[in-house]
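Have a look at the structure below, then the notes.
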Amino acid sequence: MAEVLLSPGVLAQENDNSFLTAQPIQAGAAIVGPTVKGPVGIPTLVTTYSDYQNKFGAVVESGSAEYTYFTSISAYNYFQQGGDSLLVTRVVSGSYTTAVNTSIPNSIESGVISTEADALLTSLANATGSAGSYTISGLGGTGTNFTASITLSSGDEVSTITAASGAGYSVGDVITIPSASLGYSGGVTGNDMTITLDADDIVNTDSGIVLETLSEGINQNSTSTLGSSGQLADGTADNIRWEITAPNTGSGTFALLIRRGDDITNSKTILETWAGLSLDPNSSNYIEKVIGNSKQTVANDNGEYYIKNDGTYNTLSRYVRVKSVATKTLNYFDNAGNAKDQFTGSIPIASEGTFGGATGVPFTAANSPALFYDSISNINTQGFDGDALDDTTSTGTYAVALNLLANRDLFNYNLITTPGLIKANAKATGELTTMVNTAQSRGDNLAIVDLVNYDSDILPVAAGAAAIDSSYAATYWPWLQTIDPDKGGQVWVPASTMIPGVYAFNDRSGEAWFAPAGLSRGGLSTVLRAERNLTNGNRNTLYGANVNPIATFPNVGVVVFGQKTLQKKASALDRINVRRLLIELKSYISQIADNLVFEQNTIATRNNFLSQVNPYLESVQQRQGLYAFKVVMDDSNNTPDVIDRNELIGQIYLQPTKTAEFIYLDFNVLPTGATFPS
């Protein structure tokens, strides 16, 4: 009960009205298509083109040429035109797996030293035995500690060199062989033999740290010998390598660097630095806790695909996860705060290496040479042969990716494209139909469909559009020529590759409910030319078939000159700006309503909803999205029987604004002295 004054005085009270209401999430575009690298089949958010390149790569090699996927070209133009979030789903043809690191050595010696070393010591022992310092090389490893004992025969030579614990040798240490053990004949005693160890003499074991790439595909496999400058023969900008630095047995810590695969020793490209890592599971900087060990995979439950999460700790690295740690140093320090002797040798030593063991190649005998740009066809498109295009069961295919993206609770987007899938190619028809149906069932995004291959006539375009009837789908024509963002050169792309960029510019310069078309917001600034300069008659034919023409105007350039959806019936929703208005309003208001689920069904709850929705719709009206609106959520539609069913009903009435697409200008010539009409 609130405190009250019972006698004269002053009561100071606090009313905390500073609670922040979570703002509804703003959705971006989604692209489904092949990429150079990255997680297969996992919808992944990127926020810049650099972010996209880091996660999904740049160019792909096929034979002796390099190509850029439509996915990359579309992502580049989307961000160039003002897009700020993009959901990318990588699809592949065939089976793809991740790569793991080559052995990361620690300072514990593993077994019998090489026979070459044995032979060298034998040779020295049979020599003069004179005093001196000798260096053993070629023991097949690098490191800092050497834990081996030397067993000498009573005769004239060294018989074996076997592994043992506790010797604790390090680089620079000297092994002394007593002269009495060298077996000089005739009772002659010589000098002791000394052997100084260098780094090449040390043999180490695997530390047991297994890192796994997040990206899948054989291009992550760069296991190869180092060149004179530290370069990898198979190192590229799209794979990675690892390096251990700053090992400290006193603190039990070390640092892990993730480097780009094409760097060199004197010019390292460090992608990530993880400092102060520990192998002690009780430490806050335990390697699995810091980098993460979780992994996402696509799983199937009775025909429904979902994202399965494995692992304990969220993966914070953009490139790797910790798959396992075999040699853990539980409670590294004793009660006095000193490192325990049995653990110090487990700390990885300063070293570097690569990743390997991945599977999955973009081009096989069945689909090579891969067809790109204007050469894609029903037989092959960007590494997918016809059978791979309509595969509905293998993980990482278009069908599975679109099945996953149907999950509205998990994935947020307002526009989706699959550049490279063409409706005229029969093998792609099922996936495109799924994309449109998913957009319609979700009710919160628009699907952009390509109808025909390069070098098509207008009539097949119109016929392809007639086969789709949905206000949640739209199409554009003709194909467009643009600059390849990664390798340069002029390439032809289907229209859906560039349309997300048009929508991004429209939303940045105007609003989602403005038409993404016309000279103000429909310009394609990164397009060099259209496949065909459409005449006015061509545009009339296309627009009559609900195909949005991409026109070319002198001194202006290439411009989107239509904004129809593929809905056949004439209504407000046959226009893209109205459909996108409804998508925007439904998304925003539904997220507000999400906060009311399980709240008390009272006037206070209804007023809470109205207090958020009405101001928002007023702002949309002020920003030219609505002529008028009305929101009803009161006793009139929430009667006692509705409340008893645990329902809360709101009714929203909208009058969306229309665009001026057909402008008629009458020029009236009047005689001198005529009066102008008022």
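FYI, nothing fancy with the structure tokens labels: chains A, B, ... in order, residues from 1 per chain, ligands from 1 as they appear.
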Counting only C-alpha atoms, what are the residues of range 252-308 of chain A within 12 Å of range 54-69 of chain A, and for each of them which pair of atoms is the nearest and at what distance in Å, to one decimal? Sort the table by chain and rising number, as a Markdown table.
```
| residue | atom | partner | partner_atom | distance |
| --- | --- | --- | --- | --- |
| A:Arg259 | CA | A:Asn54 | CA | 11.9 |
| A:Arg260 | CA | A:Asn54 | CA | 10.0 |
| A:Leu271 | CA | A:Asn54 | CA | 9.1 |
| A:Glu272 | CA | A:Asn54 | CA | 11.5 |
```
### Message
Need to verify the contact set: Arg318 in chain A, 8 Å, only C-alpha atoms, exclusion of same-chain residues closer than 2 positions in sequence. Can you return it as a list in words?
### Response
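With the cut-off at 8 Å, the set is Lys55, Leu214, Thr315, Leu316 and Val320 of chain A.
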## Note on the structure
Here CA of Gly41 in chain A and CA of Asn445 in chain A stand apart by 19.9 Å
### Task
Find the residues near range 559-563 of chain A: any atom within 9 Å, counting only C-alpha atoms, skip ones fewer than 6 places away on the same chain, and give them as a list in words.
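Residues near the query, excluding close chain neighbours: Ala474, Tyr476, Ile499, Val502, Ala515, Pro516, Ala517, Gly518, Leu519, Arg521, Gly522, Gly523, Leu524, Ser525, Arg539, Tyr543, Asn546, Val547, Asn548, Pro549, Ile550, Ala551, Thr552, Phe553, Asp574, Arg575, Ile576, Asn577 and Glu661 of chain A.
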Take the residues from that selection and write them out as a PDB file, in the first residue's frame, keeping N, CA and C atoms.
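Listing of result.pdb after writing:
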```
ATOM      1  N   ALA A 474       6.866 -10.522 -57.195  1.00  0.00           N
ATOM      2  CA  ALA A 474       7.022  -9.525 -58.260  1.00  0.00           C
ATOM      3  C   ALA A 474       8.158  -9.972 -59.162  1.00  0.00           C
ATOM      4  N   TYR A 476      10.833  -8.656 -62.681  1.00  0.00           N
ATOM      5  CA  TYR A 476      11.399  -7.543 -63.456  1.00  0.00           C
ATOM      6  C   TYR A 476      12.117  -8.111 -64.672  1.00  0.00           C
ATOM      7  N   ILE A 499      17.717  -5.949 -57.868  1.00  0.00           N
ATOM      8  CA  ILE A 499      16.511  -5.344 -57.295  1.00  0.00           C
ATOM      9  C   ILE A 499      16.611  -5.099 -55.786  1.00  0.00           C
ATOM     10  N   VAL A 502      17.757  -1.693 -55.266  1.00  0.00           N
ATOM     11  CA  VAL A 502      16.747  -0.669 -55.555  1.00  0.00           C
ATOM     12  C   VAL A 502      15.845  -0.465 -54.343  1.00  0.00           C
ATOM     13  N   ALA A 515       6.956   3.832 -53.898  1.00  0.00           N
ATOM     14  CA  ALA A 515       7.196   2.920 -55.016  1.00  0.00           C
ATOM     15  C   ALA A 515       8.689   2.858 -55.326  1.00  0.00           C
ATOM     16  N   PRO A 516       9.291   1.653 -55.304  1.00  0.00           N
ATOM     17  CA  PRO A 516      10.706   1.525 -55.671  1.00  0.00           C
ATOM     18  C   PRO A 516      10.854   1.534 -57.191  1.00  0.00           C
ATOM     19  N   ALA A 517      10.512   2.638 -57.782  1.00  0.00           N
ATOM     20  CA  ALA A 517      10.497   2.757 -59.243  1.00  0.00           C
ATOM     21  C   ALA A 517      10.547   4.235 -59.614  1.00  0.00           C
ATOM     22  N   GLY A 518      10.814   4.480 -60.889  1.00  0.00           N
ATOM     23  CA  GLY A 518      10.817   5.852 -61.378  1.00  0.00           C
ATOM     24  C   GLY A 518      12.186   6.504 -61.279  1.00  0.00           C
ATOM     25  N   LEU A 519      12.260   7.728 -61.777  1.00  0.00           N
ATOM     26  CA  LEU A 519      13.540   8.417 -61.859  1.00  0.00           C
ATOM     27  C   LEU A 519      14.091   8.793 -60.494  1.00  0.00           C
ATOM     28  N   ARG A 521      13.608   7.121 -57.386  1.00  0.00           N
ATOM     29  CA  ARG A 521      14.037   6.029 -56.519  1.00  0.00           C
ATOM     30  C   ARG A 521      14.237   4.706 -57.250  1.00  0.00           C
ATOM     31  N   GLY A 522      14.033   4.674 -58.547  1.00  0.00           N
ATOM     32  CA  GLY A 522      14.180   3.429 -59.287  1.00  0.00           C
ATOM     33  C   GLY A 522      15.430   3.356 -60.143  1.00  0.00           C
ATOM     34  N   GLY A 523      16.318   4.338 -59.999  1.00  0.00           N
ATOM     35  CA  GLY A 523      17.533   4.337 -60.802  1.00  0.00           C
ATOM     36  C   GLY A 523      18.477   3.208 -60.414  1.00  0.00           C
ATOM     37  N   LEU A 524      19.126   2.612 -61.402  1.00  0.00           N
ATOM     38  CA  LEU A 524      20.087   1.531 -61.188  1.00  0.00           C
ATOM     39  C   LEU A 524      21.481   2.082 -61.478  1.00  0.00           C
ATOM     40  N   SER A 525      22.042   2.770 -60.506  1.00  0.00           N
ATOM     41  CA  SER A 525      23.283   3.504 -60.726  1.00  0.00           C
ATOM     42  C   SER A 525      24.480   2.600 -60.984  1.00  0.00           C
ATOM     43  N   ARG A 539       7.074  -1.818 -73.064  1.00  0.00           N
ATOM     44  CA  ARG A 539       6.724  -1.563 -71.666  1.00  0.00           C
ATOM     45  C   ARG A 539       5.236  -1.772 -71.431  1.00  0.00           C
ATOM     46  N   TYR A 543       3.884  -4.439 -68.753  1.00  0.00           N
ATOM     47  CA  TYR A 543       3.114  -3.973 -67.601  1.00  0.00           C
ATOM     48  C   TYR A 543       1.708  -4.572 -67.602  1.00  0.00           C
ATOM     49  N   ASN A 546       1.828  -7.741 -65.845  1.00  0.00           N
ATOM     50  CA  ASN A 546       2.313  -7.611 -64.461  1.00  0.00           C
ATOM     51  C   ASN A 546       3.814  -7.815 -64.324  1.00  0.00           C
ATOM     52  N   VAL A 547       4.548  -7.573 -65.399  1.00  0.00           N
ATOM     53  CA  VAL A 547       6.011  -7.608 -65.363  1.00  0.00           C
ATOM     54  C   VAL A 547       6.511  -6.169 -65.286  1.00  0.00           C
ATOM     55  N   ASN A 548       7.385  -5.886 -64.356  1.00  0.00           N
ATOM     56  CA  ASN A 548       7.893  -4.529 -64.197  1.00  0.00           C
ATOM     57  C   ASN A 548       9.045  -4.276 -65.164  1.00  0.00           C
ATOM     58  N   PRO A 549       8.845  -3.368 -66.105  1.00  0.00           N
ATOM     59  CA  PRO A 549       9.889  -3.118 -67.103  1.00  0.00           C
ATOM     60  C   PRO A 549      11.083  -2.396 -66.485  1.00  0.00           C
ATOM     61  N   ILE A 550      12.258  -2.689 -66.993  1.00  0.00           N
ATOM     62  CA  ILE A 550      13.461  -1.927 -66.654  1.00  0.00           C
ATOM     63  C   ILE A 550      13.833  -1.161 -67.916  1.00  0.00           C
ATOM     64  N   ALA A 551      13.582   0.126 -67.877  1.00  0.00           N
ATOM     65  CA  ALA A 551      13.689   0.965 -69.073  1.00  0.00           C
ATOM     66  C   ALA A 551      15.042   1.664 -69.134  1.00  0.00           C
ATOM     67  N   THR A 552      15.376   2.119 -70.324  1.00  0.00           N
ATOM     68  CA  THR A 552      16.594   2.896 -70.544  1.00  0.00           C
ATOM     69  C   THR A 552      16.213   4.230 -71.164  1.00  0.00           C
ATOM     70  N   PHE A 553      16.635   5.323 -70.505  1.00  0.00           N
ATOM     71  CA  PHE A 553      16.317   6.668 -70.981  1.00  0.00           C
ATOM     72  C   PHE A 553      17.603   7.438 -71.265  1.00  0.00           C
ATOM     73  N   ASP A 574      -2.284  -5.032 -55.840  1.00  0.00           N
ATOM     74  CA  ASP A 574      -1.550  -5.363 -57.053  1.00  0.00           C
ATOM     75  C   ASP A 574      -0.403  -4.387 -57.287  1.00  0.00           C
ATOM     76  N   ARG A 575      -0.149  -3.513 -56.312  1.00  0.00           N
ATOM     77  CA  ARG A 575       0.962  -2.576 -56.388  1.00  0.00           C
ATOM     78  C   ARG A 575       1.959  -2.866 -55.262  1.00  0.00           C
ATOM     79  N   ILE A 576       3.221  -2.792 -55.603  1.00  0.00           N
ATOM     80  CA  ILE A 576       4.284  -3.139 -54.661  1.00  0.00           C
ATOM     81  C   ILE A 576       4.293  -2.207 -53.466  1.00  0.00           C
ATOM     82  N   ASN A 577       4.060  -0.910 -53.679  1.00  0.00           N
ATOM     83  CA  ASN A 577       4.140   0.015 -52.545  1.00  0.00           C
ATOM     84  C   ASN A 577       3.065  -0.298 -51.499  1.00  0.00           C
ATOM     85  N   GLU A 661       0.909   6.740 -61.318  1.00  0.00           N
ATOM     86  CA  GLU A 661       1.635   6.001 -62.349  1.00  0.00           C
ATOM     87  C   GLU A 661       1.272   6.471 -63.751  1.00  0.00           C
TER      88      GLU A 661
END
```
Please report, as CSV, each residue of range 299-345 of chain A lying at most 12 Å from range 383-395 of chain A, together with the nearest pair of atoms and the separation in Å rounded to one decimal; use only C-alpha atoms, and order rows by chain and ascending residue number.
```
residue,atom,partner,partner_atom,distance
A:Ala299,CA,A:Thr395,CA,8.2
A:Asn300,CA,A:Thr395,CA,9.0
A:Asn302,CA,A:Thr393,CA,11.7
A:Gly303,CA,A:Thr393,CA,8.8
A:Glu304,CA,A:Thr393,CA,10.6
A:Tyr305,CA,A:Thr395,CA,9.1
A:Tyr306,CA,A:Thr395,CA,10.9
A:Ile307,CA,A:Thr395,CA,11.3
```
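Summary of the local environment: counting only C-alpha atoms, residues at most 6 Å from range 83-97 of chain A, other than itself and those fewer than 6 positions away along its chain, are Gly28, Ala29, Ala30, Ile31, Val32, Gly33, Pro34, Thr35, Val40, Gly41, Ile42, Pro43, Thr44, Leu45, Val46, Thr47, Glu216, Gly217, Ala358, Thr359, Gly360, Phe384, Ala388, Gly396, Thr397 and Ala504 of chain A.
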### Message
Could you list, as a PyMOL selection string, every residue within 10 Å of Ala462 in chain A, counting only C-alpha atoms and ignoring same-chain residues fewer than 5 positions away?
### Response
chain A and resi 451-452+457+467+541-547
Writing out the chosen residues with N, CA and C atoms as a short mmCIF file (atom, residue, chain, number, x, y, z; two decimals), in the first residue's frame:
```
data_model
loop_
_atom_site.label_atom_id
_atom_site.label_comp_id
_atom_site.auth_asym_id
_atom_site.auth_seq_id
_atom_site.Cartn_x
_atom_site.Cartn_y
_atom_site.Cartn_z
N LEU A 451 12.08 -14.82 -64.54
CA LEU A 451 11.24 -15.68 -65.37
C LEU A 451 11.97 -16.38 -66.49
N VAL A 452 12.92 -15.70 -67.13
CA VAL A 452 13.53 -16.25 -68.36
C VAL A 452 15.04 -16.10 -68.32
N ASP A 457 12.78 -13.54 -75.70
CA ASP A 457 11.80 -12.61 -76.27
C ASP A 457 10.81 -12.18 -75.19
N ALA A 467 1.70 -17.40 -65.07
CA ALA A 467 1.60 -18.65 -64.31
C ALA A 467 1.68 -18.41 -62.81
N THR A 541 3.30 -3.87 -73.06
CA THR A 541 3.06 -5.32 -73.07
C THR A 541 3.46 -5.94 -71.74
N LEU A 542 4.62 -5.58 -71.25
CA LEU A 542 5.12 -6.13 -70.00
C LEU A 542 4.25 -5.73 -68.82
N TYR A 543 3.88 -4.44 -68.75
CA TYR A 543 3.11 -3.97 -67.60
C TYR A 543 1.71 -4.57 -67.60
N GLY A 544 1.19 -4.79 -68.80
CA GLY A 544 -0.11 -5.45 -68.89
C GLY A 544 -0.07 -6.87 -68.40
N ALA A 545 1.13 -7.48 -68.44
CA ALA A 545 1.30 -8.86 -67.96
C ALA A 545 1.84 -8.88 -66.53
N ASN A 546 1.83 -7.74 -65.85
CA ASN A 546 2.31 -7.61 -64.46
C ASN A 546 3.81 -7.82 -64.32
N VAL A 547 4.55 -7.57 -65.40
CA VAL A 547 6.01 -7.61 -65.36
C VAL A 547 6.51 -6.17 -65.29
#
```
If DSSP is run on the backbone, what residues of range 394-579 of chain A are strand (DSSP E or B)? A reply as an mmCIF file with C-alpha atoms, in the first residue's frame would be ideal.
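Generated file (part17.cif):
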```
data_model
loop_
_atom_site.group_PDB
_atom_site.id
_atom_site.type_symbol
_atom_site.label_atom_id
_atom_site.label_comp_id
_atom_site.auth_asym_id
_atom_site.auth_seq_id
_atom_site.Cartn_x
_atom_site.Cartn_y
_atom_site.Cartn_z
ATOM 1 C CA TYR A 413 13.282 -10.432 -43.674
ATOM 2 C CA ASN A 414 10.984 -8.384 -45.892
ATOM 3 C CA LEU A 415 12.382 -9.325 -49.316
ATOM 4 C CA ILE A 416 13.782 -12.594 -50.671
ATOM 5 C CA THR A 417 15.589 -13.503 -53.892
ATOM 6 C CA THR A 418 17.298 -16.547 -55.399
ATOM 7 C CA PRO A 419 19.372 -15.042 -58.245
ATOM 8 C CA GLY A 420 20.314 -17.831 -60.636
ATOM 9 C CA LEU A 421 17.045 -19.754 -60.363
ATOM 10 C CA ILE A 422 15.029 -19.103 -63.519
ATOM 11 C CA LEU A 446 8.010 -10.075 -51.028
ATOM 12 C CA ALA A 447 9.567 -12.705 -53.318
ATOM 13 C CA ILE A 448 11.397 -11.458 -56.427
ATOM 14 C CA VAL A 449 11.283 -14.015 -59.256
ATOM 15 C CA ASP A 450 13.269 -14.242 -62.497
ATOM 16 C CA SER A 470 0.268 -13.614 -55.791
ATOM 17 C CA ALA A 473 5.668 -11.884 -55.617
ATOM 18 C CA ALA A 474 7.022 -9.525 -58.260
ATOM 19 C CA THR A 475 9.221 -9.829 -61.329
ATOM 20 C CA TYR A 476 11.399 -7.543 -63.456
ATOM 21 C CA TRP A 477 12.875 -7.741 -66.942
ATOM 22 C CA LEU A 480 21.267 -6.223 -66.705
ATOM 23 C CA GLN A 481 24.981 -5.658 -67.169
ATOM 24 C CA THR A 482 27.072 -4.549 -64.198
ATOM 25 C CA ILE A 483 30.672 -4.484 -62.980
ATOM 26 C CA GLN A 490 31.418 -6.501 -67.148
ATOM 27 C CA VAL A 491 28.959 -9.316 -66.469
ATOM 28 C CA TRP A 492 25.296 -10.018 -67.216
ATOM 29 C CA VAL A 493 22.981 -10.796 -64.319
ATOM 30 C CA GLY A 523 17.533 4.337 -60.802
ATOM 31 C CA VAL A 527 24.066 -0.941 -63.968
ATOM 32 C CA LEU A 528 25.924 -0.244 -67.205
ATOM 33 C CA ARG A 529 23.110 -1.154 -69.572
ATOM 34 C CA ALA A 530 20.057 -3.342 -69.959
ATOM 35 C CA ASN A 548 7.893 -4.529 -64.197
ATOM 36 C CA PRO A 549 9.889 -3.118 -67.103
ATOM 37 C CA ILE A 550 13.461 -1.927 -66.654
ATOM 38 C CA ALA A 551 13.689 0.965 -69.073
ATOM 39 C CA THR A 552 16.594 2.896 -70.544
ATOM 40 C CA PHE A 553 16.317 6.668 -70.981
ATOM 41 C CA GLY A 557 20.301 5.610 -67.672
ATOM 42 C CA VAL A 558 18.647 2.372 -66.643
ATOM 43 C CA VAL A 559 15.569 2.742 -64.461
ATOM 44 C CA VAL A 560 12.970 0.429 -62.913
ATOM 45 C CA LYS A 564 3.243 -4.227 -59.936
ATOM 46 C CA LEU A 566 2.033 -10.656 -59.718
ATOM 47 C CA ARG A 575 0.962 -2.576 -56.388
#
```
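The space separating CA of Thr71 in chain A from CA of Leu459 in chain A comes to 27.7 Å.
Pairwise distance (CA of Leu582 in chain A, CA of Asp444 in chain A) equals 8.3 Å.
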### Task
Among the residues of range 181-415 of chain A, find those DSSP assigns to helix (DSSP H, G or I) from the backbone and print them as a count of residues only.
37
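Counting only C-alpha atoms, range 619-629 of chain A has the following residues at most 8 Å away, ignoring those fewer than 5 positions along the same chain: A:Glu511, A:Trp513, A:Phe514, A:Leu581, A:Ile652, A:Tyr653, A:Leu654, A:Gln655, A:Pro656, A:Thr657.
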